[in-house]
Amino acid sequence: MRRFLPLLLLLPFLTLRAAEQKPSLVTVRLHAEGKESDGETFGTPLTLINPPKKIIIRKVPIINERDFVAFYPFPAADGTFGAYFKLDAGGTNRLESHSTEFRDTLVVALINGRIANAMTMDTKITDGIMIIPSGFLPLEIVQLQTNYPTIGTEKAFEEQKKKAMAALKADQKAALKASPTSKAKATPKPQQ
C-alpha cells in the first residue's frame, strides 16, 4: 500500500493538468493513403477531386492538432489560407518516419472533417514543419490563433490570443444581429 501512496498523491495534479488543456476549435488531421486490404476496420474510402482518384485513407492520422507547437498562416492562390505547422517531438518523429518509409504515396489533409488537400509525400521531412498549402477558411485561422502562437512571434502569443478572441466575439455578435433572411455573415480577418 505504501508503494501506491505517491501515485495516489499525484493523481489530482494529473487530472488538473488534463482538464487545463482545452480542445482545439479546429481539427487538422493528416491521414496516410491505405490499401484495399486494410479493410473497413483500418481504412476509409475517399474520392479525391484533384487528382481525380478513389483511394483508401487510414483511419488513424499520422499528425493531428495535438502535435502542433506553433503555426504560420499565409494566403493561398485559391482564396483560402494555407499554414505551416511546427510539430512537437512526437509529431516530428512520426512525420519523419512516415516520409521515409512511405515515400511517393499520398497523404490527405482533413480540416474539420473536410478534405483540404491531397499531397504526394515525395521528400523526407526532418525539420518538424508540416505544410498544408490551402483549404483553411479565415474563421479557422482566427480560431487557430487562439490556440497556437505564430512561428517567429511566440513571445507575443498572449496579445495574439486576445486579438483573435476579440475577433471571434465580434463575429458572434455580428451573427446574432444579422437577420435570419440575411445571408451575408461577417468573417473575422486573421491577425498578421
# chains A, B, ... in the order shown; residues from 1 in each chain; ligands from 1

$ residues_around --residues "Ile132 of chain A" --least-positions-apart "4" --cutoff "12 Å" --atoms "only C-alpha atoms" --output "PyMOL selection string"
chain A and resi 28-30+63+71-76+80-86+107-111+115-120+136

$ write_last_selection --atoms "C-alpha atoms" --output "mmCIF file, in the first residue's frame"
data_model
loop_
_atom_site.group_PDB
_atom_site.id
_atom_site.type_symbol
_atom_site.label_atom_id
_atom_site.label_comp_id
_atom_site.auth_asym_id
_atom_site.auth_seq_id
_atom_site.Cartn_x
_atom_site.Cartn_y
_atom_site.Cartn_z
ATOM 1 C CA VAL A 28 -6.453 19.296 -38.526
ATOM 2 C CA ARG A 29 -5.551 15.716 -39.423
ATOM 3 C CA LEU A 30 -3.011 14.289 -41.853
ATOM 4 C CA ILE A 63 -0.472 14.007 -37.352
ATOM 5 C CA PHE A 71 1.870 27.762 -36.939
ATOM 6 C CA TYR A 72 2.313 30.339 -39.679
ATOM 7 C CA PRO A 73 -0.714 31.143 -41.892
ATOM 8 C CA PHE A 74 -0.478 32.514 -45.424
ATOM 9 C CA PRO A 75 -2.987 33.330 -48.185
ATOM 10 C CA ALA A 76 -3.329 30.632 -50.822
ATOM 11 C CA THR A 80 -8.368 30.170 -48.835
ATOM 12 C CA PHE A 81 -5.434 30.087 -46.428
ATOM 13 C CA GLY A 82 -2.578 27.657 -46.021
ATOM 14 C CA ALA A 83 -0.369 27.151 -42.999
ATOM 15 C CA TYR A 84 2.984 25.845 -41.859
ATOM 16 C CA PHE A 85 2.791 23.868 -38.612
ATOM 17 C CA LYS A 86 5.726 23.401 -36.263
ATOM 18 C CA VAL A 107 -1.337 11.941 -47.694
ATOM 19 C CA VAL A 108 -4.662 13.673 -47.227
ATOM 20 C CA ALA A 109 -5.164 16.723 -45.009
ATOM 21 C CA LEU A 110 -8.587 16.987 -43.389
ATOM 22 C CA ILE A 111 -9.684 20.256 -41.782
ATOM 23 C CA ILE A 115 -10.824 17.262 -47.480
ATOM 24 C CA ALA A 116 -8.435 20.187 -47.776
ATOM 25 C CA ASN A 117 -5.560 18.723 -49.773
ATOM 26 C CA ALA A 118 -4.145 15.530 -51.184
ATOM 27 C CA MET A 119 -0.377 15.669 -51.442
ATOM 28 C CA THR A 120 2.349 13.301 -52.521
ATOM 29 C CA PHE A 136 -8.349 26.930 -44.302
#

$ select_by_dssp --residues "segment 89-192 of chain A" --states "strand (DSSP E or B)" --output "MDAnalysis selection string"
chainID A and resid 105:111 114:121 129:136 150

$ write_last_selection --atoms "C-alpha atoms" --output "PDB file, in the first residue's frame"
ATOM      1  CA  THR A 105       2.450   7.880 -51.503  1.00  0.00           C
ATOM      2  CA  LEU A 106      -0.477  10.221 -50.945  1.00  0.00           C
ATOM      3  CA  VAL A 107      -1.337  11.941 -47.694  1.00  0.00           C
ATOM      4  CA  VAL A 108      -4.662  13.673 -47.227  1.00  0.00           C
ATOM      5  CA  ALA A 109      -5.164  16.723 -45.009  1.00  0.00           C
ATOM      6  CA  LEU A 110      -8.587  16.987 -43.389  1.00  0.00           C
ATOM      7  CA  ILE A 111      -9.684  20.256 -41.782  1.00  0.00           C
ATOM      8  CA  ARG A 114     -13.480  18.033 -44.904  1.00  0.00           C
ATOM      9  CA  ILE A 115     -10.824  17.262 -47.480  1.00  0.00           C
ATOM     10  CA  ALA A 116      -8.435  20.187 -47.776  1.00  0.00           C
ATOM     11  CA  ASN A 117      -5.560  18.723 -49.773  1.00  0.00           C
ATOM     12  CA  ALA A 118      -4.145  15.530 -51.184  1.00  0.00           C
ATOM     13  CA  MET A 119      -0.377  15.669 -51.442  1.00  0.00           C
ATOM     14  CA  THR A 120       2.349  13.301 -52.521  1.00  0.00           C
ATOM     15  CA  MET A 121       4.914  12.589 -49.816  1.00  0.00           C
ATOM     16  CA  ILE A 129       7.499  21.553 -40.207  1.00  0.00           C
ATOM     17  CA  MET A 130       4.319  20.323 -41.883  1.00  0.00           C
ATOM     18  CA  ILE A 131       2.635  22.384 -44.595  1.00  0.00           C
ATOM     19  CA  ILE A 132      -0.976  22.412 -45.658  1.00  0.00           C
ATOM     20  CA  PRO A 133      -0.904  24.641 -48.753  1.00  0.00           C
ATOM     21  CA  SER A 134      -4.591  25.642 -48.797  1.00  0.00           C
ATOM     22  CA  GLY A 135      -8.051  24.884 -47.507  1.00  0.00           C
ATOM     23  CA  PHE A 136      -8.349  26.930 -44.302  1.00  0.00           C
ATOM     24  CA  THR A 150       2.612  32.314 -34.854  1.00  0.00           C
TER      25      THR A 150
END

$ residues_around --residues "segment 137-145 of chain A" --least-positions-apart "5" --cutoff "7 Å" --atoms "only C-alpha atoms" --output "PyMOL selection string"
chain A and resi 25-26+80-81+160-161+164+187-190

$ closest_residue --among "A:Thr146, A:His98, A:Lys155, A:Ile57" --to "Lys169 of chain A" --atoms "only C-alpha atoms"
A:Thr146

$ residues_around --residues "Thr123 of chain A" --least-positions-apart "6" --cutoff "9 Å" --atoms "only C-alpha atoms" --output "list of chain:residue names"
A:Ser99, A:Thr100, A:Arg103, A:Asp104

$ select_by_dssp --residues "chain A" --states "helix (DSSP H, G or I)" --output "ChimeraX atom specification"
/A:5-20,36-42,65-67,89-101,138-147,154-177

$ residues_around --residues "Arg58 of chain A" --least-positions-apart "3" --cutoff "7 Å" --atoms "only C-alpha atoms" --output "count of residues only"
8

$ atom_distance --atom1 "atom CA of Ala89 of chain A" --atom2 "atom CA of Glu158 of chain A"
23.3 Å

$ closest_residue --among "A:Lys53, A:Gly39, A:Gly113, A:Asn147" --to "Arg66 of chain A" --atoms "only C-alpha atoms"
A:Asn147

$ atom_distance --atom1 "atom CA of Glu101 of chain A" --atom2 "atom CA of Asp38 of chain A"
17.4 Å

$ atom_distance --atom1 "atom CA of Glu96 of chain A" --atom2 "atom CA of Ala70 of chain A"
17.9 Å

$ closest_residue --among "A:Asp127, A:Asp78, A:Asp67, A:Asp122" --to "Tyr148 of chain A" --atoms "only C-alpha atoms"
A:Asp67

$ decode --residues "segment 43-83 of chain A" --atoms "N, CA and C atoms" --output "CSV table (one decimal), in the first residue's frame"
chain,number,residue,atom,x,y,z
A,43,GLY,N,-9.3,1.4,-42.6
A,43,GLY,CA,-9.3,2.3,-43.7
A,43,GLY,C,-10.7,2.8,-44.1
A,44,THR,N,-10.7,4.0,-44.7
A,44,THR,CA,-12.0,4.6,-45.1
A,44,THR,C,-11.9,5.0,-46.6
A,45,PRO,N,-12.8,4.6,-47.5
A,45,PRO,CA,-12.8,5.1,-48.9
A,45,PRO,C,-13.0,6.5,-49.0
A,46,LEU,N,-12.3,7.1,-50.0
A,46,LEU,CA,-12.4,8.6,-50.2
A,46,LEU,C,-12.3,8.9,-51.7
A,47,THR,N,-13.1,9.8,-52.2
A,47,THR,CA,-12.9,10.2,-53.6
A,47,THR,C,-12.3,11.6,-53.6
A,48,LEU,N,-11.2,11.7,-54.3
A,48,LEU,CA,-10.5,13.0,-54.4
A,48,LEU,C,-10.9,13.7,-55.7
A,49,ILE,N,-10.9,15.0,-55.7
A,49,ILE,CA,-11.2,15.8,-56.8
A,49,ILE,C,-9.9,16.1,-57.6
A,50,ASN,N,-8.8,16.5,-56.9
A,50,ASN,CA,-7.6,16.8,-57.5
A,50,ASN,C,-6.4,16.2,-56.8
A,51,PRO,N,-5.8,15.1,-57.3
A,51,PRO,CA,-6.1,14.4,-58.5
A,51,PRO,C,-7.3,13.6,-58.4
A,52,PRO,N,-8.1,13.5,-59.6
A,52,PRO,CA,-9.3,12.7,-59.6
A,52,PRO,C,-9.0,11.2,-59.4
A,53,LYS,N,-9.3,10.7,-58.2
A,53,LYS,CA,-8.9,9.4,-57.8
A,53,LYS,C,-9.7,8.9,-56.7
A,54,LYS,N,-10.0,7.6,-56.6
A,54,LYS,CA,-10.6,7.0,-55.5
A,54,LYS,C,-9.5,6.2,-54.7
A,55,ILE,N,-9.5,6.6,-53.4
A,55,ILE,CA,-8.4,6.0,-52.6
A,55,ILE,C,-9.0,5.5,-51.3
A,56,ILE,N,-8.2,4.9,-50.5
A,56,ILE,CA,-8.5,4.5,-49.1
A,56,ILE,C,-7.5,5.3,-48.2
A,57,ILE,N,-8.0,5.9,-47.2
A,57,ILE,CA,-7.1,6.5,-46.2
A,57,ILE,C,-7.2,5.8,-44.9
A,58,ARG,N,-6.1,5.7,-44.2
A,58,ARG,CA,-6.0,5.1,-42.9
A,58,ARG,C,-6.8,5.9,-41.9
A,59,LYS,N,-7.6,5.3,-41.1
A,59,LYS,CA,-8.4,6.0,-40.1
A,59,LYS,C,-7.6,6.7,-39.0
A,60,VAL,N,-6.5,6.2,-38.6
A,60,VAL,CA,-5.7,6.8,-37.6
A,60,VAL,C,-4.7,7.8,-38.3
A,61,PRO,N,-4.8,9.1,-37.9
A,61,PRO,CA,-4.0,10.1,-38.6
A,61,PRO,C,-2.5,10.0,-38.2
A,62,ILE,N,-1.6,10.4,-39.1
A,62,ILE,CA,-0.2,10.5,-38.8
A,62,ILE,C,0.0,11.6,-37.8
A,63,ILE,N,-0.6,12.8,-38.1
A,63,ILE,CA,-0.5,14.0,-37.4
A,63,ILE,C,-1.9,14.6,-37.1
A,64,ASN,N,-2.0,15.2,-35.9
A,64,ASN,CA,-3.3,15.9,-35.6
A,64,ASN,C,-2.9,17.1,-34.8
A,65,GLU,N,-4.0,17.9,-34.5
A,65,GLU,CA,-3.7,19.3,-33.9
A,65,GLU,C,-3.1,19.2,-32.5
A,66,ARG,N,-3.1,18.1,-31.9
A,66,ARG,CA,-2.4,18.0,-30.6
A,66,ARG,C,-0.9,17.9,-30.7
A,67,ASP,N,-0.4,17.7,-32.0
A,67,ASP,CA,1.0,17.7,-32.2
A,67,ASP,C,1.6,19.1,-32.6
A,68,PHE,N,0.8,20.1,-32.7
A,68,PHE,CA,1.2,21.4,-33.1
A,68,PHE,C,1.8,22.2,-31.9
A,69,VAL,N,2.9,22.9,-32.2
A,69,VAL,CA,3.5,23.8,-31.2
A,69,VAL,C,3.3,25.3,-31.6
A,70,ALA,N,3.3,25.5,-32.9
A,70,ALA,CA,3.1,26.9,-33.5
A,70,ALA,C,2.7,26.7,-34.9
A,71,PHE,N,2.2,27.8,-35.5
A,71,PHE,CA,1.9,27.8,-36.9
A,71,PHE,C,2.1,29.1,-37.6
A,72,TYR,N,2.1,29.1,-38.9
A,72,TYR,CA,2.3,30.3,-39.7
A,72,TYR,C,1.3,30.3,-40.9
A,73,PRO,N,0.3,31.1,-40.8
A,73,PRO,CA,-0.7,31.1,-41.9
A,73,PRO,C,-0.3,32.0,-43.0
A,74,PHE,N,-0.8,31.7,-44.2
A,74,PHE,CA,-0.5,32.5,-45.4
A,74,PHE,C,-1.6,32.4,-46.4
A,75,PRO,N,-1.9,33.4,-47.2
A,75,PRO,CA,-3.0,33.3,-48.2
A,75,PRO,C,-2.6,32.4,-49.3
A,76,ALA,N,-3.6,31.6,-49.7
A,76,ALA,CA,-3.3,30.6,-50.8
A,76,ALA,C,-3.9,31.2,-52.1
A,77,ALA,N,-3.5,30.6,-53.2
A,77,ALA,CA,-3.9,31.1,-54.5
A,77,ALA,C,-5.4,31.0,-54.8
A,78,ASP,N,-6.0,30.0,-54.1
A,78,ASP,CA,-7.4,29.7,-54.4
A,78,ASP,C,-8.4,30.5,-53.5
A,79,GLY,N,-7.8,31.5,-52.8
A,79,GLY,CA,-8.7,32.4,-51.9
A,79,GLY,C,-8.8,31.9,-50.5
A,80,THR,N,-8.4,30.7,-50.2
A,80,THR,CA,-8.4,30.2,-48.8
A,80,THR,C,-7.0,30.5,-48.2
A,81,PHE,N,-6.7,29.9,-47.1
A,81,PHE,CA,-5.4,30.1,-46.4
A,81,PHE,C,-4.7,28.8,-46.3
A,82,GLY,N,-3.4,28.8,-46.3
A,82,GLY,CA,-2.6,27.7,-46.0
A,82,GLY,C,-1.8,27.9,-44.7
A,83,ALA,N,-1.1,26.9,-44.2
A,83,ALA,CA,-0.4,27.2,-43.0
A,83,ALA,C,0.8,26.2,-42.9
